[in-house]
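Raw contents of query_23.cif, mmCIF, C-alpha atoms:
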data_model
loop_
_atom_site.label_atom_id
_atom_site.label_comp_id
_atom_site.auth_asym_id
_atom_site.auth_seq_id
_atom_site.Cartn_x
_atom_site.Cartn_y
_atom_site.Cartn_z
CA MET A 14 100.92 53.62 161.56
CA PRO A 15 98.15 52.90 159.07
CA GLY A 16 97.98 56.47 157.88
CA ARG A 17 101.72 56.88 157.14
CA PRO A 18 102.80 54.42 154.37
CA GLY A 19 105.77 56.62 153.51
CA VAL A 20 107.20 56.17 156.98
CA ARG A 21 106.75 52.40 156.80
CA ARG A 22 108.54 52.26 153.40
CA THR A 23 111.42 54.37 154.77
CA ALA A 24 111.70 52.19 157.83
CA ALA A 25 111.87 49.08 155.65
CA ILE A 26 114.63 50.61 153.54
CA THR A 27 116.54 51.57 156.69
CA LEU A 28 116.19 48.03 158.02
CA LEU A 29 117.52 46.53 154.78
CA VAL A 30 120.47 48.89 154.85
CA ALA A 31 121.19 48.03 158.48
CA VAL A 32 121.09 44.31 157.72
CA GLY A 33 123.37 44.83 154.77
CA LEU A 34 125.88 46.67 156.93
CA ALA A 35 125.73 44.07 159.69
CA SER A 36 126.05 41.06 157.42
CA PRO A 37 129.06 41.09 155.08
CA GLY A 38 128.29 39.96 151.53
CA VAL A 39 124.59 40.75 151.78
CA VAL A 40 123.47 43.60 149.49
CA ALA A 41 120.26 45.58 149.96
CA ALA A 42 117.54 44.46 147.53
CA VAL A 43 116.84 46.99 144.73
CA PRO A 44 114.37 46.69 141.85
CA PRO A 45 115.89 45.52 138.58
CA PRO A 46 116.55 48.29 136.03
CA PRO A 47 114.08 48.65 133.13
CA PRO A 48 115.32 48.39 129.54
CA ASN A 49 117.60 51.22 128.51
CA PRO A 50 117.73 51.57 124.71
CA SER A 51 121.01 52.81 123.36
CA ASP A 52 121.49 56.12 121.64
CA ALA A 53 122.02 54.19 118.40
CA GLU A 54 118.65 52.44 118.78
CA LEU A 55 116.93 55.74 119.49
CA GLN A 56 118.58 57.40 116.51
CA ALA A 57 117.68 54.48 114.22
CA GLY A 58 114.08 54.61 115.40
CA ARG A 59 113.89 58.34 114.84
CA GLU A 60 115.39 58.01 111.37
CA ARG A 61 112.88 55.31 110.49
CA SER A 62 110.07 57.46 111.84
CA GLN A 63 111.31 60.39 109.76
CA GLN A 64 111.44 58.23 106.65
CA VAL A 65 107.88 57.03 107.14
CA ALA A 66 106.81 60.56 108.02
CA GLY A 67 108.41 61.67 104.78
CA ARG A 68 106.31 59.20 102.82
CA VAL A 69 103.21 60.25 104.71
CA GLY A 70 104.15 63.86 104.12
CA GLU A 71 104.40 63.24 100.39
CA LEU A 72 100.94 61.68 100.31
CA ALA A 73 99.56 64.37 102.58
CA ASN A 74 101.04 67.01 100.30
CA GLN A 75 99.52 65.29 97.29
CA LEU A 76 96.17 65.21 99.05
CA ALA A 77 96.52 68.84 100.09
CA GLU A 78 97.39 69.76 96.50
CA ALA A 79 94.42 67.75 95.27
CA GLU A 80 92.14 69.50 97.75
CA ALA A 81 93.60 72.88 96.79
CA LYS A 82 93.08 72.04 93.13
CA LEU A 83 89.55 70.97 93.96
CA LEU A 84 88.90 74.33 95.61
CA GLU A 85 90.41 76.07 92.60
CA LEU A 86 88.18 74.07 90.28
CA GLN A 87 85.19 74.87 92.46
CA ALA A 88 85.98 78.55 92.01
CA GLN A 89 86.36 77.95 88.27
CA VAL A 90 82.98 76.22 88.19
CA GLU A 91 81.44 79.20 89.96
CA LEU A 92 83.05 81.54 87.43
CA THR A 93 81.82 79.52 84.45
CA MET A 94 78.36 79.37 85.97
CA GLU A 95 78.36 83.14 86.28
CA ASP A 96 79.65 83.43 82.71
CA ALA A 97 76.80 81.19 81.59
CA ASN A 98 74.32 83.34 83.50
CA LYS A 99 75.73 86.47 81.85
CA ALA A 100 75.55 84.85 78.42
CA ARG A 101 71.91 83.91 78.98
CA VAL A 102 71.06 87.45 80.08
CA ASP A 103 72.92 88.89 77.09
CA LEU A 104 71.01 86.58 74.76
CA VAL A 105 67.67 87.64 76.22
CA ARG A 106 68.65 91.29 75.77
CA ALA A 107 69.88 90.68 72.22
CA GLU A 108 66.66 88.87 71.31
CA ALA A 109 64.60 91.73 72.73
CA ALA A 110 66.67 94.28 70.77
CA HIS A 111 66.32 92.16 67.64
CA ALA A 112 62.56 91.99 68.05
CA GLU A 113 62.39 95.75 68.54
CA ALA A 114 64.57 96.35 65.47
CA ARG A 115 62.39 94.00 63.43
CA ARG A 116 59.25 95.89 64.47
CA ALA A 117 60.92 99.23 63.61
CA ALA A 118 62.02 97.90 60.21
CA GLU A 119 58.55 96.60 59.44
CA ALA A 120 57.00 99.95 60.45
CA ALA A 121 59.50 101.90 58.32
CA ARG A 122 58.87 99.65 55.33
CA ALA A 123 55.10 100.05 55.74
CA GLU A 124 55.46 103.84 55.93
CA ALA A 125 57.59 103.85 52.78
CA GLU A 126 55.00 101.73 50.97
CA VAL A 127 52.15 104.08 52.07
CA ALA A 128 54.16 107.08 50.91
CA GLY A 129 54.73 105.43 47.55
CA GLN A 130 51.04 104.63 47.19
CA ARG A 131 50.10 108.26 47.96
CA ILE A 132 52.58 109.48 45.36
CA GLU A 133 51.09 107.16 42.75
CA GLN A 134 47.56 108.28 43.61
CA HIS A 135 48.52 111.94 43.33
CA ARG A 136 50.44 111.29 40.12
CA GLU A 137 47.34 109.65 38.60
CA ARG A 138 45.25 112.65 39.69
CA LEU A 139 47.74 115.03 38.10
CA ASP A 140 47.83 112.92 34.92
CA ARG A 141 44.03 113.05 34.68
CA PHE A 142 44.14 116.83 35.14
CA VAL A 143 46.74 117.26 32.44
CA ALA A 144 44.93 114.86 30.13
CA GLY A 145 41.65 116.77 30.61
CA SER A 146 43.40 120.10 29.99
CA TYR A 147 45.15 119.08 26.83
CA ARG A 148 42.84 116.40 25.47
CA GLN A 149 42.14 118.51 22.34
CA GLY A 150 45.81 119.19 21.75
CA SER A 151 45.34 122.92 22.37
CA GLN A 152 48.30 124.96 23.58
CA ILE A 153 45.91 126.85 25.90
CA GLY A 154 44.23 123.80 27.37
CA SER A 155 40.95 122.00 27.08
CA ALA A 156 38.30 123.97 25.14
CA THR A 157 35.69 123.13 27.76
CA ALA A 158 37.79 124.99 30.26
CA PHE A 159 37.27 128.25 28.34
CA VAL A 160 33.67 127.82 27.11
CA GLY A 161 31.47 130.70 28.35
CA SER A 162 34.32 133.21 28.64
CA ARG A 163 32.89 136.65 27.96
CA ASP A 164 36.06 138.31 26.85
CA PRO A 165 39.80 137.68 26.31
CA GLU A 166 40.64 138.84 29.82
CA GLU A 167 38.48 136.09 31.34
CA VAL A 168 40.17 133.59 29.03
CA LEU A 169 43.55 134.71 30.41
CA ASP A 170 42.27 134.45 33.99
CA ARG A 171 41.11 130.90 33.34
CA ALA A 172 44.47 130.00 31.79
CA LEU A 173 46.28 131.47 34.81
CA TYR A 174 43.99 129.44 37.12
CA LEU A 175 44.83 126.25 35.26
CA ASP A 176 48.53 127.05 35.50
CA VAL A 177 48.29 127.66 39.29
CA ILE A 178 46.44 124.39 39.81
CA SER A 179 49.00 122.45 37.80
CA ARG A 180 51.88 124.09 39.71
CA SER A 181 50.18 123.31 43.05
CA GLU A 182 49.75 119.69 42.04
CA LEU A 183 53.40 119.51 41.05
CA ASP A 184 54.47 121.06 44.40
CA VAL A 185 52.42 118.46 46.31
CA LEU A 186 53.94 115.76 44.15
CA GLU A 187 57.45 116.99 44.95
CA ASP A 188 56.64 117.11 48.68
CA LEU A 189 55.34 113.58 48.55
CA GLN A 190 58.41 112.50 46.63
CA ARG A 191 60.66 114.00 49.31
CA ALA A 192 58.62 112.29 52.01
CA ARG A 193 58.96 109.01 50.15
CA VAL A 194 62.73 109.44 49.96
CA GLU A 195 62.83 110.10 53.69
CA LYS A 196 60.72 107.02 54.33
CA VAL A 197 62.93 104.94 52.10
CA ASN A 198 66.02 106.20 53.93
CA LYS A 199 64.38 105.42 57.24
CA ASP A 200 63.51 101.98 55.95
CA SER A 201 67.12 101.48 54.89
CA LEU A 202 68.44 102.52 58.30
CA ALA A 203 65.90 100.31 60.03
CA ARG A 204 66.98 97.36 57.89
CA ALA A 205 70.62 98.06 58.75
CA ALA A 206 69.74 98.20 62.46
CA LEU A 207 67.84 94.94 62.07
CA ALA A 208 70.84 93.31 60.42
CA GLU A 209 73.10 94.54 63.23
CA ALA A 210 70.65 93.29 65.86
CA GLU A 211 70.49 89.93 64.11
CA ALA A 212 74.30 89.68 64.15
CA THR A 213 74.35 90.61 67.83
CA ARG A 214 71.71 88.00 68.58
CA ARG A 215 73.67 85.30 66.75
CA ALA A 216 76.85 86.28 68.60
CA ALA A 217 75.03 86.21 71.92
CA ASP A 218 73.58 82.79 71.16
CA GLU A 219 77.03 81.50 70.24
CA ALA A 220 78.45 82.97 73.47
CA ARG A 221 75.69 81.24 75.42
CA ARG A 222 76.52 77.87 73.85
CA ALA A 223 80.25 78.41 74.51
CA ALA A 224 79.59 79.39 78.13
CA ALA A 225 77.40 76.35 78.67
CA GLN A 226 80.09 74.12 77.19
CA ALA A 227 82.74 75.72 79.42
CA GLU A 228 80.50 75.21 82.44
CA ARG A 229 80.05 71.52 81.61
CA ALA A 230 83.80 71.11 81.12
CA ALA A 231 84.56 72.81 84.46
CA ILE A 232 82.06 70.60 86.30
CA ALA A 233 83.54 67.49 84.67
CA ALA A 234 87.05 68.56 85.70
CA GLN A 235 85.82 69.17 89.23
CA ASP A 236 84.22 65.71 89.38
CA THR A 237 87.45 64.11 88.13
CA GLN A 238 89.49 65.99 90.73
CA ALA A 239 87.05 65.05 93.47
CA ALA A 240 87.41 61.38 92.52
CA GLN A 241 91.20 61.71 92.68
CA ALA A 242 90.96 63.36 96.10
CA ARG A 243 88.79 60.50 97.34
CA ARG A 244 91.32 57.94 96.09
CA LEU A 245 94.16 59.78 97.82
CA GLU A 246 92.12 60.05 101.01
CA ALA A 247 91.39 56.32 100.93
CA GLY A 248 95.05 55.43 100.37
CA LYS A 249 96.27 57.88 102.97
CA ALA A 250 94.77 55.91 105.87
CA ALA A 251 97.12 52.95 105.34
CA VAL A 252 100.20 55.16 105.23
CA GLU A 253 99.03 57.05 108.29
CA ALA A 254 98.80 53.72 110.09
CA GLN A 255 102.44 53.11 109.16
CA LEU A 256 103.32 56.54 110.47
CA ALA A 257 101.47 55.87 113.72
CA GLU A 258 103.36 52.59 114.08
CA ALA A 259 106.71 54.28 113.44
CA ARG A 260 105.96 57.05 115.90
CA SER A 261 104.74 54.53 118.44
CA HIS A 262 108.02 52.66 118.08
CA VAL A 263 110.05 55.83 118.68
CA SER A 264 107.74 56.85 121.50
CA GLY A 265 108.18 53.43 123.09
CA LEU A 266 111.96 53.75 122.96
CA GLU A 267 111.82 57.24 124.41
CA GLN A 268 109.49 56.09 127.17
CA GLN A 269 111.88 53.26 127.98
CA ARG A 270 114.70 55.77 128.22
CA ASP A 271 112.52 58.01 130.42
CA ARG A 272 111.60 55.11 132.70
CA TYR A 273 115.23 54.13 132.98
CA GLN A 274 116.15 57.70 133.93
CA GLU A 275 113.35 57.71 136.49
CA TRP A 276 114.56 54.36 137.86
CA LEU A 277 118.10 55.68 138.02
CA ALA A 278 116.98 58.79 139.89
CA ALA A 279 114.87 56.70 142.27
CA LYS A 280 117.81 54.37 142.88
CA GLU A 281 120.06 57.30 143.67
CA ARG A 282 117.47 58.68 146.09
CA GLU A 283 117.11 55.34 147.83
CA GLU A 284 120.85 54.96 148.07
CA ALA A 285 121.16 58.47 149.45
CA ALA A 286 118.39 57.75 151.96
CA ALA A 287 120.05 54.49 153.02
CA ALA A 288 123.41 56.20 153.35
CA GLN A 289 121.98 58.84 155.61
CA ALA A 290 120.05 56.19 157.58
CA ALA A 291 117.42 58.80 158.36
CA PRO A 292 113.64 58.64 157.90
CA GLN A 293 112.78 60.67 154.86
CA SER A 294 109.51 60.74 152.95
CA THR A 295 109.84 60.23 149.25
CA GLY A 296 106.36 61.55 148.62
CA SER A 297 104.60 60.09 145.64
CA GLY A 298 107.83 59.03 143.98
CA GLY A 299 107.49 61.22 140.89
CA PRO A 300 107.19 64.82 139.80
CA ALA A 301 103.78 66.49 139.62
CA ARG A 302 102.28 66.33 136.20
CA PRO A 303 101.61 69.76 134.77
CA VAL A 304 98.93 68.52 132.46
CA SER A 305 95.38 68.05 133.64
CA GLY A 306 93.73 65.32 131.63
CA ARG A 307 90.36 66.66 132.67
CA SER A 308 91.20 70.13 131.29
CA VAL A 309 92.35 68.65 127.98
CA GLU A 310 89.12 66.69 127.64
CA VAL A 311 87.06 69.75 128.51
CA VAL A 312 88.80 71.65 125.69
CA VAL A 313 88.34 68.77 123.23
CA SER A 314 84.71 68.30 124.26
CA ARG A 315 83.90 71.98 123.77
CA ALA A 316 85.48 71.99 120.33
CA LEU A 317 83.67 68.81 119.26
CA SER A 318 80.37 70.19 120.54
CA GLN A 319 80.47 72.73 117.68
CA LEU A 320 80.70 70.22 114.83
CA GLY A 321 78.54 71.35 111.92
CA VAL A 322 78.49 75.02 112.97
CA PRO A 323 79.12 77.24 109.91
CA TYR A 324 82.46 78.91 109.30
CA ALA A 325 82.17 82.68 109.77
CA TRP A 326 85.27 84.81 109.35
CA GLY A 327 85.88 86.79 112.55
CA GLY A 328 83.24 84.74 114.39
CA GLY A 329 83.44 83.06 117.80
CA ASN A 330 84.38 84.02 121.35
CA SER A 331 84.66 82.40 124.77
CA ARG A 332 80.87 82.03 124.99
CA GLY A 333 80.27 80.41 121.62
CA PRO A 334 79.64 81.23 117.95
CA THR A 335 79.06 84.85 116.93
CA ARG A 336 78.20 86.72 113.75
CA GLY A 337 81.05 86.97 111.26
CA ILE A 338 82.49 90.21 109.92
CA ARG A 339 83.27 91.57 106.47
CA ASP A 340 86.71 91.08 104.90
CA GLY A 341 86.10 92.74 101.53
CA GLY A 342 86.86 89.49 99.70
CA VAL A 343 86.27 85.75 100.00
CA ALA A 344 84.38 85.87 103.30
CA ASP A 345 82.01 88.50 101.90
CA ALA A 346 81.45 86.39 98.80
CA HIS A 347 80.27 83.54 101.06
CA GLY A 348 78.14 85.87 103.20
CA ASP A 349 80.15 85.23 106.39
CA TYR A 350 79.02 88.59 107.78
CA ALA A 351 75.47 87.22 107.87
CA LYS A 352 76.35 83.87 109.49
CA ILE A 353 76.64 82.83 113.13
CA GLY A 354 79.71 80.65 113.52
CA PHE A 355 83.46 80.40 114.09
CA ASP A 356 86.65 81.04 112.22
CA CYS A 357 89.70 78.91 113.03
CA SER A 358 91.07 81.01 115.91
CA GLY A 359 87.58 81.78 117.23
CA LEU A 360 86.91 78.06 117.69
CA MET A 361 90.13 77.74 119.70
CA ILE A 362 89.09 80.68 121.91
CA TYR A 363 85.82 78.92 122.75
CA ALA A 364 87.44 75.51 123.31
CA PHE A 365 90.19 76.68 125.68
CA ALA A 366 87.88 79.03 127.58
CA GLY A 367 86.51 75.86 129.19
CA ALA A 368 89.92 75.30 130.81
CA GLY A 369 90.26 78.91 131.87
CA VAL A 370 92.75 79.79 129.10
CA SER A 371 92.27 83.14 127.35
CA LEU A 372 93.45 83.46 123.74
CA ASP A 373 93.65 86.32 121.24
CA HIS A 374 91.48 86.16 118.13
CA TYR A 375 94.47 85.78 115.83
CA SER A 376 96.20 82.52 114.94
CA GLY A 377 99.62 84.23 114.78
CA TYR A 378 99.36 85.27 118.44
CA GLN A 379 97.99 81.88 119.41
CA TYR A 380 101.15 80.33 117.96
CA GLN A 381 103.09 82.40 120.51
CA SER A 382 100.78 81.66 123.45
CA GLY A 383 102.22 78.43 124.86
CA ARG A 384 105.12 75.99 124.93
CA ARG A 385 106.22 74.79 121.52
CA VAL A 386 106.88 71.08 121.10
CA PRO A 387 108.18 69.25 118.00
CA LEU A 388 105.34 68.18 115.73
CA ALA A 389 106.30 64.51 116.21
CA GLN A 390 105.60 64.91 119.96
CA ALA A 391 102.18 66.52 119.55
CA ARG A 392 99.49 65.05 121.78
CA ARG A 393 95.77 65.38 122.29
CA GLY A 394 94.80 68.96 123.15
CA ASP A 395 97.78 70.63 121.43
CA LEU A 396 97.34 73.36 118.81
CA LEU A 397 98.51 72.73 115.23
CA PHE A 398 99.34 75.59 112.89
CA TRP A 399 99.85 76.15 109.16
CA GLN A 400 102.05 78.78 107.60
CA THR A 401 102.97 80.27 104.25
CA GLY A 402 106.19 82.20 103.84
CA GLY A 403 106.76 81.99 107.59
CA ARG A 404 103.39 83.61 108.39
CA ILE A 405 100.79 81.67 110.39
CA HIS A 406 97.36 81.59 108.73
CA HIS A 407 95.43 78.64 110.23
CA VAL A 408 95.05 76.78 113.53
CA ALA A 409 93.36 73.52 114.55
CA LEU A 410 93.06 71.36 117.70
CA TYR A 411 94.91 68.02 117.64
CA LEU A 412 92.76 65.07 118.76
CA GLY A 413 95.40 62.36 118.53
CA ASP A 414 95.76 59.44 116.10
CA GLY A 415 96.44 61.82 113.22
CA THR A 416 93.09 63.64 113.48
CA MET A 417 92.10 67.19 114.35
CA VAL A 418 89.05 69.44 114.70
CA GLU A 419 88.96 72.75 112.85
CA ALA A 420 86.86 75.54 111.38
CA PRO A 421 88.39 75.21 107.89
CA TYR A 422 87.33 77.99 105.49
CA SER A 423 84.45 80.11 104.22
CA GLY A 424 81.61 77.98 102.92
CA ALA A 425 82.50 75.01 105.15
CA LYS A 426 81.54 73.94 108.69
CA VAL A 427 83.39 72.90 111.84
CA ARG A 428 84.64 69.37 111.19
CA VAL A 429 86.92 66.53 112.27
CA THR A 430 89.48 65.58 109.63
CA SER A 431 92.90 64.04 109.16
CA VAL A 432 95.90 66.24 109.85
CA ARG A 433 97.15 67.95 106.68
CA TYR A 434 100.94 68.03 106.63
CA GLY A 435 101.32 70.31 103.62
CA GLY A 436 102.39 73.72 104.94
CA ILE A 437 102.10 72.64 108.60
CA ALA A 438 104.30 74.48 111.10
CA PRO A 439 107.15 72.37 112.56
CA TYR A 440 105.97 72.88 116.15
CA ALA A 441 102.71 72.26 117.98
CA VAL A 442 101.75 74.58 120.86
CA ARG A 443 100.89 73.11 124.26
CA LEU A 444 98.75 75.26 126.54
CA LEU A 445 97.75 72.66 129.20
#

Represent the structure from my file as structure tokens, please.
Amino acid sequence: MPGRPGVRRTAAITLLVAVGLASPGVVAAVPPPPPNPSDAELQAGRERSQQVAGRVGELANQLAEAEAKLLELQAQVELTMEDANKARVDLVRAEAAHAEARRAAEAARAEAEVAGQRIEQHRERLDRFVAGSYRQGSQIGSATAFVGSRDPEEVLDRALYLDVISRSELDVLEDLQRARVEKVNKDSLARAALAEAEATRRAADEARRAAAQAERAAIAAQDTQAAQARRLEAGKAAVEAQLAEARSHVSGLEQQRDRYQEWLAAKEREEAAAAQAAPQSTGSGGPARPVSGRSVEVVVSRALSQLGVPYAWGGGNSRGPTRGIRDGGVADAHGDYAKIGFDCSGLMIYAFAGAGVSLDHYSGYQYQSGRRVPLAQARRGDLLFWQTGGRIHHVALYLGDGTMVEAPYSGAKVRVTSVRYGGIAPYAVRLL
């Protein structure tokens, strides 16, 4: 019947078996077996793959170390820039304090000079008074001061008056002298404050020059490290190609073994069907595949649709990017709480939501969410994880061919990059 190919194939097998039984020496036709690599060949291929993977791992570790060093130098550059900013602010403050101290010193010196001039003017006045009183050499005073006195009592009154005036002049002179001493002391203190302000200004200027030099040195070190990272990245592609070739070789051997096992199982089924000589549908001839290629591509497509979206710690859900949250540290320093974006596990939540898979917003739980497969067997759509001290701290989506998509870290954006093997967990997680 046209609509029942399985029945026709079974009938043909039954006919071949019947002919074989009726005709001695005639064997039922069976397909030839596919290649079946030996265990030794498989082991040799795996060992070669491990050796190449080891070389790739070394380069990947070097690149990871270079990138980590680059991040460290970036932080150092930021610190030196802040130190330079502080030094510039300190210099401005020191210059303002120095200017204020200079103005105070100049004012104190001017006040001391005015006080000295007043003392000299009063001293000259007192000298003229004394000279006028004793110009004739009299012990009583100037004769003109006593001319017209009517009696000795008036002479005494005039003498007492002259004595009071001279004492008053002397008192004023002493007050002025004390004021001058105070002004001189104030001038001395102001000069000392000016000297201290000058020393502070010089120290601040020296600190500014040192901070600027440290900033230039940090930027130069960062540029050198960036150049080294670029060289490692450029050289890494060739070694990754070798790794892909080695893995492809092992994968080819394993696929040959799988095909042989499938052929062997099919042969046993056919033989069992022929032995029973009963119509029996073999169905599609193979087990149902648990993986939906469409679902994998939906997940990959959703992840790639977010390229360039900012990293935001705590951001992302099944509907897309969300505002980040505070962490009290690095994320806050980058303003993640004010950004709309994803963190690493948030991006995975959004990607897999397209295939109807719900994930927790924590990479450690995501590592426990599916079937673990050896890293060498990772395929497109699997989750890759990184760990430190046995604790998972990062997750990315494997795209195949040694690439992945991830939300890397604060200050960066969702990107496609080569798989980093430094610190990578030994198992990928398969959800589809």

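The closest residue to A:Arg270, picked from A:Ala438, A:Ala368, A:Leu55, A:Leu412 and counting only C-alpha atoms, is A:Leu55.
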
- Item | Point-to-point distance in Å for atom CA of A:Ala391 and atom CA of A:Arg443 | 8.2 Å

- Interatomic distance, atom CA of A:Tyr434 to atom CA of A:Gln319 (Å, one decimal): 23.7 Å

- Quick one: apply the PyMOL selection byres ((chain A and resi 227-236) around 8) to the file and drop the selected residues here as a PyMOL selection string. chain A and resi 83+86-87+89-90+93-94+97+223-226+237-240

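This file, queried with the PyMOL selection byres ((chain A and resi 59) around 10), gives the residues Ala53, Glu54, Leu55, Gln56, Ala57, Gly58, Glu60, Arg61, Ser62, Gln63, Gln64, Val65, Ala259, Arg260, His262, Val263, Ser264, Leu266, Glu267 and Ala389 of chain A.
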
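With all atoms listed in the file as the atoms that count, the residue of A:Phe398, A:Tyr411, A:Tyr375, A:Tyr380 with the shortest distance to A:Ile437 is A:Phe398.
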
- Task: Determine the nearest neighbour of A:Leu104 from the options A:Arg136, A:Arg204, A:Arg222, A:Arg180, counting only C-alpha atoms.
- Result: A:Arg222

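With only C-alpha atoms as the atoms that count, the minimum distance from A:Arg393 to the choices A:Glu80, A:Asp184, A:Asp373, A:Asp414 is reached by A:Asp414.
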
- Message: Given the PyMOL selection byres ((chain A and resi 200) around 7) and the file above, list the residues it selects as a VMD selection string.
- Response: chain A and resid 118 121 to 122 125 196 to 199 201 to 204

- Task: Pick out the residues sitting within 10 Å of A:Arg68, and hand them over as a list in words; count all atoms listed in the file, and ignore anything fewer than 4 positions along from it in its own chain.
- Result: Ser62, Gln63, Gln64, Leu72, Ala73, Asn74, Val252, Glu253, Gln255 and Leu256 of chain A

- Select, counting all atoms listed in the file, all protein, DNA and RNA residues no farther than 12 Å from (49.7, 110.0, 47.7) in file coordinates, and express the selection as a count of residues only. 26

- Give me the residues within 12 Å of A:Asn330 as a count of residues only, counting all atoms listed in the file and dropping any in the same chain fewer than 5 places off. 24

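Closest to A:Gly328 among A:Ile405, A:Ala420, A:Ala242, A:Val105 is A:Ala420, based on only C-alpha atoms.
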